[in-house]
>>> print(open('coords-v4.txt').read())   # compact mmCIF, C-alpha atoms
# COMPACT_ATOMS: atom_id res chain seq x y z
CA MET A 1 19.92 -27.70 22.11
CA VAL A 2 18.55 -24.52 20.58
CA THR A 3 21.29 -22.15 19.37
CA ILE A 4 21.49 -18.99 17.31
CA ASN A 5 22.66 -21.13 14.37
CA SER A 6 19.66 -23.46 14.61
CA ALA A 7 17.36 -20.45 14.85
CA GLN A 8 18.93 -19.00 11.69
CA ASP A 9 18.42 -22.29 9.86
CA ALA A 10 14.76 -22.32 10.90
CA LEU A 11 14.20 -18.76 9.70
CA LYS A 12 15.88 -19.47 6.35
CA SER A 13 14.27 -22.82 5.60
CA ALA A 14 11.00 -23.22 7.49
CA TYR A 15 9.78 -19.66 7.86
CA LEU A 16 10.83 -17.75 4.74
CA SER A 17 8.47 -19.47 2.28
CA VAL A 18 5.56 -19.17 4.71
CA VAL A 19 6.25 -15.49 5.30
CA SER A 20 6.59 -14.78 1.56
CA GLU A 21 3.25 -16.43 0.86
CA ALA A 22 1.61 -14.50 3.68
CA LEU A 23 2.98 -11.14 2.50
CA ASN A 24 2.53 -11.68 -1.25
CA VAL A 25 -0.94 -13.24 -1.32
CA ASN A 26 -2.60 -12.88 2.06
CA ALA A 27 -1.55 -9.30 2.87
CA ASN A 28 -4.32 -7.69 0.86
CA PRO A 29 -6.91 -8.90 -1.70
CA LEU A 30 -5.81 -6.22 -4.19
CA LEU A 31 -2.18 -7.28 -3.88
CA ALA A 32 -3.20 -10.90 -4.50
CA LYS A 33 -4.61 -9.80 -7.88
CA ILE A 34 -1.44 -7.98 -8.97
CA ASN A 35 1.31 -9.77 -10.88
CA GLN A 36 4.75 -9.66 -9.25
CA THR A 37 7.72 -9.69 -11.60
CA THR A 38 11.45 -9.09 -11.83
CA ASN A 39 11.12 -7.73 -15.39
CA ASP A 40 12.22 -4.17 -16.20
CA VAL A 41 14.40 -3.87 -13.10
CA TRP A 42 17.73 -2.23 -13.92
CA GLY A 43 20.05 -1.68 -10.99
CA LYS A 44 18.18 0.39 -8.42
CA GLU A 45 15.47 1.51 -10.84
CA ILE A 46 12.47 0.21 -12.73
CA ILE A 47 12.64 1.33 -16.36
CA LYS A 48 9.64 0.29 -18.41
CA LEU A 49 8.64 1.21 -21.96
CA THR A 50 4.87 1.61 -22.09
CA SER A 51 2.82 2.00 -25.25
CA TYR A 52 -0.27 4.17 -25.53
CA GLY A 53 -2.87 4.73 -28.21
CA VAL A 54 -2.76 2.47 -31.28
CA ASN A 55 -0.38 1.68 -34.11
CA GLY A 56 -0.90 4.23 -36.89
CA GLY A 57 0.01 2.04 -39.84
CA ILE A 58 -3.54 1.16 -40.83
CA GLY A 59 -6.00 2.48 -43.41
CA ALA A 60 -8.20 1.66 -46.36
CA GLY A 61 -7.53 2.40 -50.03
CA SER A 62 -8.24 1.69 -53.63
CA GLU A 63 -7.15 -1.40 -55.52
CA THR A 64 -4.29 0.45 -57.20
CA GLY A 65 -3.68 3.20 -54.65
CA ASP A 66 -0.94 3.71 -52.10
CA LEU A 67 -0.65 1.42 -49.12
CA PRO A 68 -0.99 2.98 -45.67
CA SER A 69 2.20 4.60 -44.47
CA SER A 70 3.84 3.04 -41.44
CA ALA A 71 3.44 4.60 -38.01
CA GLY A 72 4.54 2.41 -35.15
CA ASN A 73 3.41 2.30 -31.55
CA ASN A 74 3.71 5.35 -29.32
CA TYR A 75 5.97 4.76 -26.32
CA VAL A 76 6.90 6.58 -23.16
CA LYS A 77 9.52 5.52 -20.64
CA PHE A 78 8.41 5.00 -17.06
CA VAL A 79 11.18 5.37 -14.48
CA SER A 80 10.75 4.68 -10.77
CA SER A 81 13.21 3.88 -8.00
CA LEU A 82 12.89 0.59 -6.17
CA LYS A 83 11.43 1.18 -2.72
CA ASN A 84 13.10 -0.50 0.26
CA LEU A 85 10.56 -2.46 2.31
CA TYR A 86 11.68 -3.83 5.69
CA GLY A 87 10.28 -5.87 8.54
CA THR A 88 12.28 -6.63 11.71
CA ILE A 89 11.81 -9.13 14.52
CA GLU A 90 13.59 -8.92 17.87
CA ILE A 91 14.20 -11.68 20.43
CA SER A 92 15.86 -11.07 23.78
CA ASP A 93 18.93 -13.05 24.81
CA LYS A 94 17.10 -14.00 28.01
CA ALA A 95 14.23 -15.57 26.05
CA ILE A 96 16.66 -17.57 23.90
CA ARG A 97 18.58 -18.89 26.89
CA ALA A 98 15.38 -19.72 28.77
CA SER A 99 14.25 -21.97 25.92
CA GLU A 100 17.59 -23.37 24.74
CA THR A 101 16.85 -26.80 26.26
CA ASN A 102 13.23 -26.79 25.13
CA ALA A 103 12.86 -26.80 21.35
CA GLY A 104 9.07 -26.60 21.59
CA ALA A 105 9.22 -23.43 23.67
CA PHE A 106 11.64 -21.85 21.21
CA VAL A 107 9.43 -22.75 18.25
CA ASN A 108 6.50 -21.10 20.04
CA LEU A 109 8.67 -18.03 20.61
CA LEU A 110 9.65 -17.83 16.94
CA ASN A 111 6.07 -18.44 15.83
CA ALA A 112 4.82 -15.59 17.98
CA GLU A 113 7.46 -13.21 16.63
CA MET A 114 6.81 -14.20 13.00
CA GLU A 115 3.05 -13.88 13.40
CA GLY A 116 3.56 -10.40 14.82
CA LEU A 117 5.87 -9.48 11.94
CA ILE A 118 3.40 -10.77 9.35
CA LYS A 119 0.51 -8.89 10.95
CA ALA A 120 2.46 -5.62 11.05
CA SER A 121 3.84 -6.06 7.52
CA ASN A 122 0.42 -6.90 6.11
CA TYR A 123 -0.98 -3.75 7.68
CA ASN A 124 1.81 -1.55 6.37
CA PHE A 125 1.92 -3.13 2.90
CA GLY A 126 -1.85 -2.89 2.49
CA ARG A 127 -1.77 0.76 3.57
CA MET A 128 0.97 1.63 1.09
CA LEU A 129 -1.06 0.22 -1.81
CA PHE A 130 -3.53 3.07 -1.31
CA GLY A 131 -1.00 5.74 -0.36
CA ASP A 132 0.75 8.33 -2.52
CA GLY A 133 4.33 7.38 -1.63
CA SER A 134 4.77 10.25 0.82
CA GLY A 135 4.21 8.08 3.89
CA LYS A 136 1.82 10.65 5.37
CA LEU A 137 -0.57 9.05 7.87
CA ALA A 138 -2.53 11.99 9.26
CA ASN A 139 -2.46 15.75 9.79
CA VAL A 140 -2.16 17.12 13.33
CA VAL A 141 -4.94 19.47 14.40
CA GLY A 142 -4.22 19.67 18.14
CA ALA A 143 -1.79 18.45 20.82
CA GLY A 144 -1.28 17.77 24.50
CA SER A 145 1.70 16.72 26.62
CA ASN A 146 1.80 13.19 25.17
CA TYR A 147 -0.82 13.10 22.42
CA PHE A 148 -1.82 14.53 19.07
CA THR A 149 -5.33 15.10 17.86
CA VAL A 150 -5.44 14.25 14.14
CA ASP A 151 -7.81 14.71 11.21
CA SER A 152 -8.03 10.96 10.48
CA ILE A 153 -7.13 7.74 12.27
CA LYS A 154 -7.65 5.47 9.22
CA PHE A 155 -3.91 4.82 8.79
CA LEU A 156 -3.03 4.68 12.51
CA ILE A 157 -2.89 1.69 14.86
CA GLU A 158 -1.50 0.88 18.29
CA GLY A 159 2.14 -0.22 18.25
CA LEU A 160 3.06 1.75 15.12
CA LYS A 161 6.27 3.79 15.36
CA VAL A 162 5.97 7.21 13.78
CA ASP A 163 7.75 10.49 13.11
CA TYR A 164 6.18 13.92 12.88
CA TYR A 165 7.12 16.72 10.53
CA LYS A 166 6.45 20.42 10.46
CA VAL A 167 5.39 21.82 7.11
CA GLY A 168 8.09 24.18 5.83
CA THR A 169 8.21 26.78 3.07
CA VAL A 170 10.86 24.78 1.19
CA THR A 171 11.47 21.52 3.06
CA ASP A 172 9.38 19.86 5.74
CA VAL A 173 11.40 19.44 8.92
CA LYS A 174 11.40 16.35 11.11
CA GLN A 175 10.63 17.35 14.69
CA ASN A 176 11.42 14.24 16.75
CA THR A 177 14.87 12.75 17.36
CA ASN A 178 13.69 9.22 18.10
CA SER A 179 10.67 7.51 16.59
CA MET A 180 7.58 7.62 18.80
CA ARG A 181 5.42 4.57 19.42
CA ILE A 182 1.65 4.78 19.51
CA VAL A 183 0.45 3.26 22.79
CA SER A 184 -3.24 4.16 22.64
CA ILE A 185 -5.82 5.68 20.30
CA ASP A 186 -9.03 7.41 21.38
CA ARG A 187 -10.89 6.80 18.12
CA ALA A 188 -14.01 8.72 19.09
CA ASN A 189 -11.98 11.91 19.57
CA LYS A 190 -9.20 11.06 17.05
CA ARG A 191 -6.58 11.41 19.76
CA VAL A 192 -3.31 9.47 19.49
CA TYR A 193 -1.17 8.86 22.61
CA PHE A 194 2.58 8.17 22.48
CA ASP A 195 5.21 6.55 24.66
CA CYS A 196 6.99 9.89 25.16
CA ASP A 197 6.24 13.52 25.93
CA LEU A 198 5.86 16.09 23.18
CA ILE A 199 7.75 19.37 23.37
CA LEU A 200 5.97 22.03 21.33
CA PRO A 201 6.23 25.83 21.53
CA ASP A 202 3.37 27.44 23.43
CA GLY A 203 0.64 28.77 21.18
CA GLU A 204 2.16 27.33 18.02
CA GLU A 205 -0.29 26.30 15.33
CA TYR A 206 -0.21 22.59 14.70
CA ASN A 207 1.03 22.55 11.13
CA TYR A 208 2.38 19.01 11.51
CA TYR A 209 1.75 15.59 10.03
CA LEU A 210 2.67 12.00 10.95
CA THR A 211 4.60 9.42 8.93
CA VAL A 212 5.76 5.87 9.58
CA GLN A 213 9.25 5.90 11.12
CA ASN A 214 11.97 6.88 8.60
CA SER A 215 9.55 6.42 5.69
CA LYS A 216 8.83 9.94 4.46
CA ASP A 217 8.68 10.00 0.63
CA LEU A 218 10.08 6.45 0.47
CA GLU A 219 6.96 4.30 0.16
CA LEU A 220 5.35 2.45 -2.74
CA THR A 221 3.75 4.41 -5.56
CA GLY A 222 0.21 3.51 -4.53
CA LEU A 223 -3.23 4.47 -5.81
CA GLY A 224 -2.99 7.84 -4.07
CA ALA A 225 -0.16 8.79 -6.45
CA ILE A 226 -1.69 7.15 -9.53
CA PHE A 227 -4.98 9.03 -9.07
CA LYS A 228 -3.40 12.46 -8.77
CA THR A 229 -4.23 14.79 -11.65
CA THR A 230 -1.26 17.17 -11.47
CA GLY A 231 2.49 16.83 -11.63
CA SER A 232 4.30 13.80 -13.01
CA LEU A 233 4.01 10.04 -12.53
CA TYR A 234 6.98 7.73 -13.13
CA GLY A 235 8.81 10.74 -14.56
CA VAL A 236 6.10 11.46 -17.17
CA ASP A 237 4.39 14.87 -17.15
CA ARG A 238 0.62 14.43 -16.98
CA THR A 239 -0.04 17.77 -18.70
CA GLN A 240 1.71 16.50 -21.84
CA HIS A 241 0.08 13.06 -21.76
CA ASN A 242 -3.64 13.15 -21.01
CA TRP A 243 -3.80 9.35 -21.09
CA MET A 244 -1.92 9.46 -17.77
CA MET A 245 -5.08 10.86 -16.17
CA PRO A 246 -7.41 8.32 -14.52
CA VAL A 247 -11.18 8.78 -14.63
CA ILE A 248 -12.49 10.51 -11.49
CA LYS A 249 -16.22 11.07 -11.06
CA GLU A 250 -18.02 12.89 -8.26
CA ALA A 251 -21.18 11.12 -7.16
CA SER A 252 -24.21 13.17 -8.27
CA GLU A 253 -26.03 14.43 -5.17
CA ASN A 254 -23.55 12.26 -3.23
CA LYS A 255 -25.45 9.13 -4.23
CA LEU A 256 -24.02 5.79 -5.32
CA THR A 257 -26.01 4.16 -8.10
CA GLU A 258 -25.44 1.17 -10.32
CA ASP A 259 -25.81 3.51 -13.29
CA LEU A 260 -22.86 5.58 -12.03
CA MET A 261 -20.73 2.46 -11.57
CA GLN A 262 -21.62 1.22 -15.04
CA SER A 263 -20.90 4.60 -16.62
CA CYS A 264 -17.34 4.41 -15.25
CA ILE A 265 -16.90 0.86 -16.55
CA ASP A 266 -18.26 1.84 -19.98
CA GLU A 267 -16.03 4.92 -20.23
CA LEU A 268 -12.91 2.92 -19.37
CA GLU A 269 -13.79 0.33 -21.99
CA GLU A 270 -14.68 2.82 -24.73
CA VAL A 271 -11.83 5.30 -24.21
CA ALA A 272 -8.97 3.15 -22.97
CA GLY A 273 -10.04 -0.38 -23.97
CA SER A 274 -9.78 -1.30 -20.30
CA ASN A 275 -11.89 -4.02 -18.70
CA VAL A 276 -12.58 -3.55 -14.99
CA ASP A 277 -11.96 -6.76 -13.04
CA TYR A 278 -11.78 -5.46 -9.47
CA ILE A 279 -13.80 -2.93 -7.47
CA THR A 280 -12.64 -1.81 -4.04
CA CYS A 281 -14.28 0.68 -1.72
CA SER A 282 -14.52 1.83 1.87
CA SER A 283 -16.61 -0.27 4.22
CA ASP A 284 -19.35 2.38 4.39
CA VAL A 285 -19.71 2.32 0.60
CA LYS A 286 -19.83 -1.48 0.56
CA ARG A 287 -22.68 -1.42 3.07
CA LEU A 288 -24.48 1.11 0.88
CA TYR A 289 -24.01 -1.08 -2.20
CA GLN A 290 -25.40 -4.08 -0.33
CA LYS A 291 -28.38 -1.92 0.66
CA LEU A 292 -28.94 -1.01 -2.99
CA LEU A 293 -29.00 -4.69 -3.92
CA THR A 294 -31.41 -5.51 -1.11
CA GLU A 295 -33.76 -2.65 -1.96
CA GLY A 296 -33.68 -3.71 -5.61
CA ARG A 297 -34.48 -7.26 -4.53
CA LYS A 298 -31.40 -8.58 -6.27
CA ASN A 299 -29.43 -11.62 -5.19
CA ILE A 300 -26.17 -10.88 -3.40
CA ASP A 301 -23.66 -13.13 -5.14
CA ILE A 302 -20.60 -14.16 -3.13
CA MET A 303 -17.28 -14.72 -4.91
CA ASP A 304 -14.18 -16.56 -3.65
CA LEU A 305 -10.93 -14.68 -4.32
CA GLN A 306 -7.30 -15.74 -4.22
CA GLY A 307 -5.86 -15.69 -0.72
CA GLY A 308 -9.06 -16.95 0.90
CA TYR A 309 -10.93 -13.65 0.56
CA LYS A 310 -14.64 -13.40 -0.19
CA ALA A 311 -16.43 -10.60 -2.03
CA ILE A 312 -19.86 -9.60 -3.22
CA SER A 313 -20.28 -9.16 -6.96
CA TYR A 314 -21.28 -6.48 -9.45
CA ASN A 315 -21.99 -8.19 -12.81
CA GLY A 316 -19.31 -10.76 -12.07
CA ILE A 317 -16.77 -8.19 -10.80
CA PRO A 318 -15.74 -8.58 -7.15
CA VAL A 319 -16.61 -5.67 -4.86
CA VAL A 320 -14.21 -5.67 -1.90
CA SER A 321 -14.11 -3.28 1.04
CA ASP A 322 -10.67 -2.23 2.21
CA ARG A 323 -9.87 -0.50 5.48
CA PHE A 324 -7.46 1.86 3.72
CA VAL A 325 -9.84 3.26 1.08
CA GLU A 326 -10.99 6.82 1.84
CA ASP A 327 -14.52 7.10 3.23
CA GLY A 328 -17.16 7.65 0.55
CA THR A 329 -14.89 6.36 -2.21
CA MET A 330 -14.92 3.51 -4.74
CA TYR A 331 -12.13 2.42 -7.11
CA LEU A 332 -12.85 0.53 -10.33
CA LEU A 333 -9.62 -1.08 -11.53
CA ASN A 334 -8.18 -3.26 -14.24
CA THR A 335 -5.61 -5.14 -12.19
CA LYS A 336 -3.93 -6.48 -15.35
CA ASP A 337 -2.53 -2.97 -15.83
CA PHE A 338 -0.66 -3.19 -12.50
CA GLU A 339 2.58 -4.97 -11.74
CA LEU A 340 4.74 -5.05 -8.64
CA HIS A 341 8.26 -4.90 -10.05
CA GLN A 342 10.82 -6.31 -7.63
CA LEU A 343 14.53 -6.97 -7.49
CA CYS A 344 13.80 -10.21 -5.67
CA ASP A 345 11.14 -11.74 -3.45
CA TRP A 346 11.25 -11.33 0.34
CA ARG A 347 14.68 -12.25 1.72
CA TRP A 348 16.41 -12.11 5.09
CA LEU A 349 18.99 -9.37 5.32
CA GLU A 350 22.40 -11.08 5.64
CA ASP A 351 25.83 -9.81 6.64
CA GLU A 352 29.04 -10.68 4.81
CA SER A 353 29.26 -14.03 6.60
CA GLY A 354 25.67 -15.01 5.76
CA ARG A 355 24.25 -14.46 9.24
CA ILE A 356 20.68 -13.18 9.47
CA ILE A 357 20.41 -13.00 13.28
CA ARG A 358 22.61 -10.33 14.79
CA GLN A 359 22.96 -8.81 18.24
CA LYS A 360 21.39 -5.40 18.52
CA ALA A 361 24.23 -3.01 19.27
CA GLY A 362 24.26 -2.06 22.94
CA PHE A 363 21.30 -4.29 23.88
CA PRO A 364 20.93 -7.90 25.15
CA SER A 365 18.75 -8.91 22.21
CA TYR A 366 18.96 -10.23 18.66
CA THR A 367 17.27 -9.00 15.50
CA ALA A 368 16.55 -10.34 12.03
CA THR A 369 15.21 -8.25 9.14
CA LEU A 370 13.15 -9.17 6.09
CA VAL A 371 13.69 -7.02 2.99
CA LYS A 372 12.13 -6.54 -0.41
CA TYR A 373 13.03 -3.97 -3.07
CA ALA A 374 10.00 -3.17 -5.23
CA ASP A 375 7.55 -0.60 -6.56
CA LEU A 376 4.07 -0.62 -8.04
CA ILE A 377 3.67 0.39 -11.69
CA CYS A 378 0.36 1.06 -13.47
CA SER A 379 0.95 0.89 -17.23
CA ARG A 380 -2.42 2.45 -18.14
CA PRO A 381 -3.58 5.10 -15.65
CA ASN A 382 -6.48 6.16 -17.91
CA GLY A 383 -7.80 2.60 -17.64
CA GLN A 384 -8.69 3.10 -13.96
CA ALA A 385 -11.60 4.97 -12.36
CA LYS A 386 -12.56 6.41 -9.00
CA ILE A 387 -15.90 7.59 -7.62
CA THR A 388 -15.72 10.13 -4.79
CA GLY A 389 -18.12 12.08 -2.60
CA ILE A 390 -20.46 9.19 -1.81
CA THR A 391 -22.60 9.93 1.24
CA THR A 392 -23.74 6.87 3.13
CA ILE A 393 -25.93 8.51 5.77
>>> encode(input="coords-v4.txt", output="structure tokens")
Amino acid sequence: MVTINSAQDALKSAYLSVVSEALNVNANPLLAKINQTTNDVWGKEIIKLTSYGVNGGIGAGSETGDLPSSAGNNYVKFVSSLKNLYGTIEISDKAIRASETNAGAFVNLLNAEMEGLIKASNYNFGRMLFGDGSGKLANVVGAGSNYFTVDSIKFLIEGLKVDYYKVGTVTDVKQNTNSMRIVSIDRANKRVYFDCDLILPDGEEYNYYLTVQNSKDLELTGLGAIFKTTGSLYGVDRTQHNWMMPVIKEASENKLTEDLMQSCIDELEEVAGSNVDYITCSSDVKRLYQKLLTEGRKNIDIMDLQGGYKAISYNGIPVVSDRFVEDGTMYLLNTKDFELHQLCDWRWLEDESGRIIRQKAGFPSYTATLVKYADLICSRPNGQAKITGITTI
């Protein structure tokens, strides 16, 4: 007979390793390239000493002259808080009781829930890799009784639960009491419909933006934060450390060329000693790159990547399109400079008695929650490059 205890055992033993593999390797091809480690995690923070420049204790001299004076490595301390990443499944009591005498039906039920959790987590995790940690999904440019018109739908998908904030002079203010679920998206008109009505003052300008539920300013430190050129990163002021600045080039006349790509790779190698091993871009830029290869009558080499992904190649470097890269943009990265520092791998959230399946308070259903505490650290921001302003029309 299927019971809550047997379901817990299945989630702990049979499902956890499968889910971890799916979220760590198969969630995103960039994530599959990044090392995941428990090093440099201290309590609730990641504290990492990072060297920059070269050791100064070198020089040439005469046979009887002074030896070079010592000058050790230059270090800065990166500090970042561990981000709390969650994924929750929910099964109704009715569904459990309906399948308690049929183990096969219950396995199918669990499989469906876990597949849904993996799909949603992969989407959210992949999105955060390219975000700036703020959790912002889109800006609101118009509204109706149950919809927002937004400036971009790249980070939005049906089923996502979101909050919306009004931009304030000091602090942005959350406007909704309960999280709103996206039920439909009119992609042609960038209109997002919700499962509830919106109450907005008449004539008010729509100075709002959307975030994932309860996630504002709590997400991973993704490429959006690493490629900023102002403020601080990991507690280090960029204005005092120019090596914290990545290379950002605007495409000349909005054109992508192999010469432009190579100039970025050469600059990273010459200035930072960084070797690009991964190129990711928006799908429109990937199509343009393929067109360049075809017009140049060059072979399109296909590479197999970890996690079952395939990519075309630029001089042996994989070129991968990602749904979350901004349109007209290409990143050229040295993934060896990135690490996902984590307190532990994915685990089920347990109560004091070790239970992972708990009744949802006030509802005839049960929930279980996956958790991971981690953040993304780039030890050499000036070893990464970005090309913007590429026009594909």
>>> residues_around(input="coords-v4.txt", residues="Leu293 in chain A", least_positions_apart="4", cutoff="12 Å", atoms="all atoms listed in the file", output="short mmCIF file (atom, residue, chain, number, x, y, z; two decimals) with C-alpha atoms, in the coordinates of the input")
data_model
loop_
_atom_site.label_atom_id
_atom_site.label_comp_id
_atom_site.auth_asym_id
_atom_site.auth_seq_id
_atom_site.Cartn_x
_atom_site.Cartn_y
_atom_site.Cartn_z
CA LEU A 256 -24.02 5.79 -5.32
CA THR A 257 -26.01 4.16 -8.10
CA GLU A 258 -25.44 1.17 -10.32
CA LYS A 286 -19.83 -1.48 0.56
CA ARG A 287 -22.68 -1.42 3.07
CA LEU A 288 -24.48 1.11 0.88
CA TYR A 289 -24.01 -1.08 -2.20
CA ARG A 297 -34.48 -7.26 -4.53
CA LYS A 298 -31.40 -8.58 -6.27
CA ASN A 299 -29.43 -11.62 -5.19
CA ILE A 300 -26.17 -10.88 -3.40
CA ASP A 301 -23.66 -13.13 -5.14
CA ILE A 312 -19.86 -9.60 -3.22
CA SER A 313 -20.28 -9.16 -6.96
CA TYR A 314 -21.28 -6.48 -9.45
CA ASN A 315 -21.99 -8.19 -12.81
#
>>> residues_near_point(input="coords-v4.txt", point="(-12.5, -14.6, -5.8)", cutoff="10 Å", atoms="all atoms listed in the file", output="compact mmCIF listing (two decimals) with C-alpha atoms, in the coordinates of the input")
# COMPACT_ATOMS: atom_id res chain seq x y z
CA PRO A 29 -6.91 -8.90 -1.70
CA LYS A 33 -4.61 -9.80 -7.88
CA TYR A 278 -11.78 -5.46 -9.47
CA ILE A 302 -20.60 -14.16 -3.13
CA MET A 303 -17.28 -14.72 -4.91
CA ASP A 304 -14.18 -16.56 -3.65
CA LEU A 305 -10.93 -14.68 -4.32
CA GLN A 306 -7.30 -15.74 -4.22
CA GLY A 307 -5.86 -15.69 -0.72
CA GLY A 308 -9.06 -16.95 0.90
CA TYR A 309 -10.93 -13.65 0.56
CA LYS A 310 -14.64 -13.40 -0.19
CA ALA A 311 -16.43 -10.60 -2.03
CA ILE A 312 -19.86 -9.60 -3.22
CA SER A 313 -20.28 -9.16 -6.96
CA ILE A 317 -16.77 -8.19 -10.80
CA PRO A 318 -15.74 -8.58 -7.15
CA VAL A 319 -16.61 -5.67 -4.86
CA VAL A 320 -14.21 -5.67 -1.90
>>> closest_residue(input="coords-v4.txt", among="A:Val76, A:Leu156, A:Val325, A:Met330", to="Met261 in chain A", atoms="only C-alpha atoms")
A:Met330
>>> atom_distance(input="coords-v4.txt", atom1="CA of Thr388 in chain A", atom2="CA of His241 in chain A")
23.4 Å
>>> closest_residue(input="coords-v4.txt", among="A:Val271, A:Ala27, A:Val141, A:Val285", to="Thr392 in chain A", atoms="only C-alpha atoms")
A:Val285
>>> residues_around(input="coords-v4.txt", residues="Leu210 in chain A", least_positions_apart="3", cutoff="8 Å", atoms="all atoms listed in the file", output="VMD selection string")
chain A and resid 136 to 140 162 to 165
>>> write_last_selection(input="coords-v4.txt", atoms="C-alpha atoms", output="PDB file, in the coordinates of the input")
ATOM      1  CA  LYS A 136       1.820  10.650   5.370  1.00  0.00           C
ATOM      2  CA  LEU A 137      -0.570   9.050   7.870  1.00  0.00           C
ATOM      3  CA  ALA A 138      -2.530  11.990   9.260  1.00  0.00           C
ATOM      4  CA  ASN A 139      -2.460  15.750   9.790  1.00  0.00           C
ATOM      5  CA  VAL A 140      -2.160  17.120  13.330  1.00  0.00           C
ATOM      6  CA  VAL A 162       5.970   7.210  13.780  1.00  0.00           C
ATOM      7  CA  ASP A 163       7.750  10.490  13.110  1.00  0.00           C
ATOM      8  CA  TYR A 164       6.180  13.920  12.880  1.00  0.00           C
ATOM      9  CA  TYR A 165       7.120  16.720  10.530  1.00  0.00           C
TER      10      TYR A 165
END
>>> atom_distance(input="coords-v4.txt", atom1="CA of Val236 in chain A", atom2="CA of Gly135 in chain A")
21.4 Å
>>> atom_distance(input="coords-v4.txt", atom1="CA of Thr101 in chain A", atom2="CA of Arg347 in chain A")
28.6 Å
>>> closest_residue(input="coords-v4.txt", among="A:Ile47, A:Ile4, A:Leu160, A:Leu292", to="Ile377 in chain A", atoms="only C-alpha atoms")
A:Ile47
>>> closest_residue(input="coords-v4.txt", among="A:Leu23, A:Leu233, A:Leu16, A:Cys196", to="Phe148 in chain A", atoms="all atoms listed in the file")
A:Cys196
>>> closest_residue(input="coords-v4.txt", among="A:Phe155, A:Tyr147, A:Trp348, A:Tyr208", to="Val192 in chain A", atoms="all atoms listed in the file")
A:Tyr147
>>> residues_near_point(input="coords-v4.txt", point="(-0.9, 3.9, 15.4)", cutoff="12 Å", atoms="all atoms listed in the file", output="PyMOL selection string")
chain A and resi 120+123-124+137-138+147-148+150+152-163+180-187+190-195+210-213
>>> axis_aligned_box(input="coords-v4.txt", around="range 335-343 of chain A", padding_each_side="4 Å", output="lines of an AutoDock Vina configuration file")
center_x = 4.5
center_y = -5.0
center_z = -11.7
size_x = 28.1
size_y = 12.0
size_z = 16.3
>>> residues_around(input="coords-v4.txt", residues="Asp197 in chain A", least_positions_apart="4", cutoff="9 Å", atoms="only C-alpha atoms", output="list of chain:residue names")
A:Gly144, A:Ser145, A:Asn146, A:Tyr147
